[in-house]
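File shown: coords_26.txt (compact mmCIF, C-alpha atoms).
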```
# COMPACT_ATOMS: atom_id res chain seq x y z
CA MET S 123 0.00 0.00 0.00
CA THR S 124 1.52 3.29 -1.03
CA ALA S 125 1.98 5.98 1.55
CA ALA S 126 -0.25 8.47 -0.23
CA ARG S 127 -3.32 6.31 -0.20
CA ARG S 128 -5.28 8.70 1.97
CA PRO S 129 -5.50 12.44 1.86
CA PHE S 130 -5.34 12.99 5.57
CA PHE S 131 -1.65 13.37 6.07
CA ARG S 132 -0.85 15.45 3.09
CA ARG S 133 -3.71 17.86 3.75
CA LYS S 134 -2.19 21.00 5.10
CA LYS S 135 -5.02 22.91 3.51
CA SER S 136 -6.46 25.77 5.42
CA CYS S 137 -10.07 26.49 5.88
CA PRO S 138 -11.57 27.74 2.64
CA PHE S 139 -13.71 30.22 4.48
CA SER S 140 -11.02 31.93 6.45
CA GLY S 141 -8.50 34.45 5.29
CA LYS S 142 -8.89 37.23 2.88
CA ASN S 143 -11.35 37.07 0.02
CA ALA S 144 -12.97 34.09 1.59
CA PRO S 145 -16.54 33.63 0.47
CA LYS S 146 -19.14 34.44 3.01
CA ILE S 147 -21.23 31.54 4.16
CA ASP S 148 -24.74 32.33 3.05
CA TYR S 149 -27.74 30.05 3.10
CA LYS S 150 -28.80 31.64 -0.18
CA ASP S 151 -25.65 30.73 -2.03
CA VAL S 152 -26.67 27.36 -3.35
CA LYS S 153 -23.68 26.91 -5.56
CA LEU S 154 -21.32 27.32 -2.67
CA LEU S 155 -23.29 25.13 -0.33
CA LEU S 156 -23.51 22.26 -2.77
CA ARG S 157 -19.75 22.00 -2.85
CA TYR S 158 -19.76 20.93 0.76
CA MET S 159 -22.40 18.30 0.44
CA SER S 160 -22.01 14.74 -0.65
CA GLU S 161 -23.71 13.21 -3.63
CA ARG S 162 -26.37 11.92 -1.34
CA GLY S 163 -26.98 15.41 -0.07
CA LYS S 164 -25.24 14.91 3.23
CA ILE S 165 -23.08 17.56 4.79
CA MET S 166 -19.45 16.68 4.34
CA PRO S 167 -17.33 16.34 7.43
CA SER S 168 -14.67 18.94 7.93
CA ARG S 169 -11.92 16.36 8.06
CA ILE S 170 -12.52 15.99 4.35
CA THR S 171 -13.17 19.58 3.45
CA SER S 172 -10.73 21.11 5.94
CA VAL S 173 -13.22 23.69 7.05
CA SER S 174 -12.48 25.13 10.44
CA ALA S 175 -14.71 24.12 13.29
CA LYS S 176 -16.33 27.50 13.62
CA LYS S 177 -17.04 27.82 9.93
CA GLN S 178 -18.27 24.28 9.78
CA ARG S 179 -20.92 25.16 12.30
CA LEU S 180 -21.94 28.17 10.23
CA LEU S 181 -21.87 26.09 7.09
CA ALA S 182 -24.04 23.40 8.60
CA GLU S 183 -26.52 25.97 9.78
CA ALA S 184 -26.63 27.58 6.37
CA ILE S 185 -27.16 24.25 4.66
CA LYS S 186 -29.98 23.41 7.00
CA ARG S 187 -31.66 26.72 6.30
CA ALA S 188 -31.31 26.23 2.59
CA ARG S 189 -32.90 22.83 2.99
CA VAL S 190 -35.89 24.32 4.71
CA LEU S 191 -36.26 26.73 1.82
CA ALA S 192 -36.11 23.82 -0.62
CA LEU S 193 -33.08 25.33 -2.29
CA ILE S 194 -31.19 22.12 -1.70
CA PRO S 195 -32.55 18.70 -0.89
CA TYR S 196 -32.39 16.84 2.35
CA VAL S 197 -31.56 13.64 0.51
CA ASN S 198 -30.56 12.82 -3.01
CA ARG S 199 -32.09 9.62 -4.02
CA GLN S 200 -30.35 7.77 -6.77
CA MET C 48 -34.96 48.12 15.25
CA ALA C 49 -33.88 44.67 14.32
CA LEU C 50 -32.60 43.62 10.95
CA TYR C 51 -34.05 40.55 9.34
CA GLU C 52 -33.94 38.69 6.10
CA THR C 53 -37.17 37.01 5.18
CA THR C 54 -37.68 34.63 2.34
CA PHE C 55 -41.03 33.20 1.48
CA MET C 56 -42.38 30.88 -1.14
CA ILE C 57 -45.60 31.33 -3.02
CA ARG C 58 -47.68 28.77 -4.85
CA PRO C 59 -46.54 28.40 -8.42
CA ASP C 60 -49.92 28.76 -10.06
CA LEU C 61 -50.26 32.38 -9.15
CA SER C 62 -49.42 34.97 -11.74
CA THR C 63 -46.61 37.43 -11.34
CA GLN C 64 -49.11 40.16 -10.60
CA GLN C 65 -50.62 38.14 -7.84
CA VAL C 66 -47.19 37.46 -6.47
CA GLU C 67 -46.44 41.16 -6.47
CA ALA C 68 -49.75 41.92 -4.84
CA LEU C 69 -49.08 39.43 -2.10
CA THR C 70 -45.63 40.85 -1.59
CA GLU C 71 -47.07 44.32 -1.24
CA GLU C 72 -49.58 43.04 1.25
CA MET C 73 -46.85 41.58 3.41
CA LYS C 74 -44.77 44.70 3.10
CA SER C 75 -47.63 46.87 4.20
CA VAL C 76 -48.15 44.78 7.28
CA VAL C 77 -44.64 45.58 8.30
CA THR C 78 -44.66 49.24 7.39
CA GLU C 79 -47.92 49.81 9.18
CA MET C 80 -46.35 48.56 12.33
CA GLY C 81 -43.37 50.81 12.05
CA GLY C 82 -40.96 48.81 9.99
CA GLN C 83 -39.10 49.51 6.80
CA ILE C 84 -38.32 47.34 3.86
CA PRO C 85 -35.23 48.66 2.18
CA TYR C 86 -34.79 45.85 -0.28
CA VAL C 87 -36.89 43.31 -2.08
CA GLU C 88 -35.82 40.67 -4.49
CA ALA C 89 -38.06 38.42 -6.48
CA TRP C 90 -36.21 35.28 -7.37
CA GLY C 91 -38.99 34.17 -9.62
CA LEU C 92 -40.34 30.73 -10.22
CA ARG C 93 -37.81 28.15 -9.14
CA THR C 94 -37.83 24.42 -9.19
CA LEU C 95 -37.82 23.09 -5.69
CA ALA C 96 -35.32 20.57 -4.45
CA TYR C 97 -38.20 18.48 -3.14
CA ARG C 98 -41.94 18.63 -3.15
CA VAL C 99 -43.40 21.19 -0.84
CA LYS C 100 -47.12 20.82 -0.25
CA ARG C 101 -47.32 18.82 -3.45
CA ASN C 102 -45.71 21.55 -5.55
CA ARG C 103 -42.59 21.17 -7.55
CA LYS C 104 -42.00 24.85 -8.18
CA ALA C 105 -42.67 28.03 -6.33
CA HIS C 106 -42.23 31.76 -6.52
CA TYR C 107 -39.55 32.98 -4.19
CA VAL C 108 -39.52 36.44 -2.69
CA PHE C 109 -36.77 37.84 -0.56
CA LEU C 110 -37.07 40.87 1.71
CA GLN C 111 -34.81 42.80 3.93
CA LEU C 112 -36.62 44.05 6.96
CA ASP C 113 -35.79 46.74 9.42
CA ALA C 114 -38.63 46.42 11.84
CA PRO C 115 -39.68 45.89 15.40
CA HIS C 116 -40.11 42.32 16.39
CA ASP C 117 -43.85 42.45 16.56
CA ALA C 118 -44.06 43.69 13.01
CA ARG C 119 -42.13 40.72 11.81
CA ALA C 120 -44.15 38.40 13.97
CA GLU C 121 -47.35 39.80 12.57
CA MET C 122 -46.15 39.42 9.03
CA GLU C 123 -45.23 35.83 9.72
CA ARG C 124 -48.56 35.22 11.30
CA ARG C 125 -50.29 36.47 8.18
CA MET C 126 -48.10 34.29 6.07
CA SER C 127 -48.96 31.23 8.05
CA LEU C 128 -52.65 31.94 7.57
CA ASN C 129 -52.39 32.68 3.90
CA GLU C 130 -52.87 29.57 1.82
CA ASP C 131 -50.83 30.93 -1.04
CA VAL C 132 -47.70 31.21 1.02
CA LEU C 133 -46.12 27.79 1.22
CA ARG C 134 -43.20 28.54 3.47
CA TYR C 135 -41.40 31.42 5.04
CA LEU C 136 -38.16 31.82 6.85
CA SER C 137 -36.96 34.87 8.71
CA VAL C 138 -33.42 35.21 9.84
CA LYS C 139 -32.10 37.86 12.13
CA VAL C 140 -29.01 39.47 10.68
CA GLU C 141 -26.39 41.82 11.95
CA THR C 142 -26.06 43.82 8.77
CA PHE C 143 -27.60 43.90 5.40
CA SER C 144 -25.42 42.92 2.53
CA GLU C 145 -24.95 45.66 0.02
CA THR C 146 -24.81 43.40 -2.95
CA PRO C 147 -27.70 41.51 -4.45
CA THR C 148 -28.23 38.00 -3.27
CA PRO C 149 -26.61 35.12 -5.08
CA MET C 150 -30.14 34.19 -5.98
CA SER C 151 -31.03 37.38 -7.75
CA PRO C 152 -31.89 36.97 -11.42
CA ALA C 153 -28.81 38.91 -12.43
CA ARG C 154 -26.50 36.69 -10.47
CA GLN C 155 -28.22 33.54 -11.65
CA ALA C 156 -27.77 34.58 -15.23
CA GLN C 157 -24.12 35.17 -14.53
CA ILE C 158 -23.75 31.74 -13.04
CA ALA C 159 -25.54 30.14 -15.95
CA GLY C 160 -23.22 31.92 -18.32
CA GLU C 161 -20.19 30.63 -16.48
CA LYS C 162 -21.59 27.15 -16.57
CA ARG C 163 -21.91 27.19 -20.29
CA MET C 164 -18.53 28.66 -21.01
CA GLY C 165 -16.08 27.41 -18.46
CA ARG C 166 -17.13 23.90 -17.70
CA ARG C 167 -16.40 20.96 -19.92
CA ARG C 168 -18.67 17.99 -19.69
CA ASP C 169 -15.90 15.54 -19.15
CA PRO C 170 -17.34 12.39 -17.67
CA ALA C 171 -13.93 11.25 -16.53
CA GLU C 172 -13.83 14.20 -14.19
CA GLY C 173 -16.78 12.99 -12.30
CA GLU C 174 -19.41 15.54 -11.56
CA ALA C 175 -19.41 17.84 -14.53
CA GLY C 176 -21.36 21.03 -14.51
CA VAL C 177 -21.81 23.01 -11.37
CA GLU C 178 -19.56 20.92 -9.23
CA GLY C 179 -16.71 21.11 -11.68
CA ASP C 180 -14.30 23.17 -9.66
CA GLY C 181 -15.68 22.02 -6.40
CA GLY C 182 -14.09 18.69 -6.95
CA GLU C 183 -11.54 19.28 -4.26
CA PRO C 184 -13.61 18.58 -1.19
CA ARG C 185 -15.78 16.04 -2.89
CA ARG C 186 -13.25 13.84 -4.56
CA SER C 187 -10.58 13.69 -2.00
CA ARG C 188 -9.83 10.06 -2.44
CA GLU C 189 -7.27 8.82 -4.87
CA GLY C 190 -8.47 6.70 -7.67
CA ARG C 191 -12.06 7.55 -7.18
CA GLU C 192 -12.15 9.53 -10.39
CA PRO C 193 -12.20 6.62 -12.84
CA ARG C 194 -15.23 5.18 -11.17
CA GLU C 195 -17.23 8.31 -11.59
CA GLY C 196 -17.48 7.87 -15.30
CA ARG C 197 -21.19 7.85 -15.15
CA ASP C 198 -23.74 9.85 -16.99
CA GLY C 199 -23.03 13.31 -18.07
CA ALA C 200 -26.72 13.58 -17.50
CA GLY C 201 -26.01 13.78 -13.81
CA GLY C 202 -24.32 17.09 -14.35
CA GLY C 203 -26.75 18.25 -16.97
CA GLY C 204 -27.99 21.23 -15.03
CA GLY C 205 -27.00 23.63 -17.73
CA GLY C 206 -30.31 24.00 -19.38
CA GLU C 207 -32.55 23.80 -16.39
CA GLY C 208 -33.46 25.90 -13.46
CA GLY C 209 -32.56 25.48 -9.86
CA GLY C 210 -33.57 22.01 -8.97
CA GLY C 211 -32.74 20.22 -12.15
CA ARG C 212 -29.45 18.90 -10.96
CA PHE C 213 -31.08 16.74 -8.36
CA ALA C 214 -33.01 14.70 -10.86
CA SER C 215 -32.20 11.09 -10.31
CA GLY C 216 -29.48 10.74 -12.85
CA ARG C 217 -27.13 9.18 -10.37
CA GLY C 218 -26.53 5.48 -10.69
CA PRO C 219 -25.77 3.35 -7.70
CA ARG C 220 -22.16 2.97 -6.77
CA ALA C 221 -20.78 -0.02 -5.00
CA PRO C 222 -18.94 0.94 -1.83
CA ARG C 223 -15.24 0.30 -1.76
CA GLU C 224 -13.60 -1.24 1.23
CA ASP C 225 -11.47 1.67 2.16
CA GLU C 226 -14.27 4.11 1.78
CA GLY C 227 -15.71 5.73 4.78
CA GLU C 228 -19.09 7.03 5.62
CA ILE C 229 -19.56 9.44 2.81
CA GLU C 230 -22.00 8.23 0.24
```

Spit out the file's structure as structure tokens when you get a sec.
Amino acid sequence: MTAARRPFFRRKKSCPFSGKNAPKIDYKDVKLLLRYMSERGKIMPSRITSVSAKKQRLLAEAIKRARVLALIPYVNRQ
Amino acid sequence: MALYETTFMIRPDLSTQQVEALTEEMKSVVTEMGGQIPYVEAWGLRTLAYRVKRNRKAHYVFLQLDAPHDARAEMERRMSLNEDVLRYLSVKVETFSETPTPMSPARQAQIAGEKRMGRRRDPAEGEAGVEGDGGEPRRSREGREPREGRDGAGGGGGGEGGGGRFASGRGPRAPREDEGEIE
């Protein structure tokens, strides 16, 4: 098994929502929100997306609001 | 006074005039009780991500409110009684954003334009279309790419409105052993 089989160790990525010019987390920004959801429509864990804990909470809240507004689904059936 | 953002959804079979009339009605409720509505956006008829009260589409209206709490509460009360309003959501905000919402018709047209120009429908890339550059967080596993060679139809949101990308164009995928909980 090669050493690079999993992304965890090589991920020194910083949170995509922190730092300058970072997009604002907005429940109305469907395009942005969808990037952090799985194909099934589930919210992706931050260990994959490297979102900081604080922003992950905001992200999750925004996604849930967008779901209520039927802008994004709760589940994607296949 | 407190700052709010309110979005509400109206039954799709109403005409644009009726939608406007309803919007004005809700606005007047607020202004009569001492509030102001500095900004309104009509997002138009959108396809919903799932059926809401047996509708697949709805008119969306977005308001910024600067009003006392009872004005907002009263507006919401009216909305809940009105059969034409399917859903509403008010959010308290610290500030109003100066720029139009990402959902405004202007911004949506911009996004649609980008979709058509910049994105190639390359099935080997996986999710073509909207998720094209968002591949980073979604496809973080090595070697997953070749398996995603499924329908370009899954990414075929180019011609449709909002909800089109969720149409069931996604085939089942057998889980791999080293794969975790993400489906």

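Counting all atoms listed in the file and comparing S:Lys135, S:Lys164, S:Arg199, S:Lys146, the residue that lies closest to S:Lys186 is S:Lys164.
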
Exercise. For chain S, report every residue with an atom at most 6 Å from chain C (counting only C-alpha atoms), formatted as a PyMOL selection string.
Key: chain S and resi 151+157+162+171+192-195+200

Quiz item: Contacts of stretch 108-118 of chain C at 10 Å or less, counting all atoms listed in the file, minus same-chain residues fewer than 6 places along, as a PyMOL selection string?
Solution: chain C and resi 48-57+66-67+70+73-74+76-92+124+135-140+143-144+148+150-151

Practice problem: Skip C:Asp131 itself and residues of its chain fewer than 3 positions away, then list as a ChimeraX atom specification all residues within 9 Å of it, counting all atoms listed in the file. | Solution: /C:56-59,61,69,126,128

Practice problem: May I have the residues within 12 Å of S:Cys137 as a PyMOL selection string, using all atoms listed in the file and disregarding those fewer than 4 positions away in the same chain? | Solution: (chain S and resi 133+141-142+144-145+168-178+181) or (chain C and resi 184)

Quiz item: What is the atom CA of S:Val190 to atom CA of S:Lys150 distance in Å?
Solution: 11.3 Å

Quiz item: What is the atom CA of S:Met159 to atom CA of S:Ile185 distance in Å?
Solution: 8.7 Å

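We find atom CA of C:Met164 and atom CA of S:Asn143 to be spaced 23.8 Å apart.
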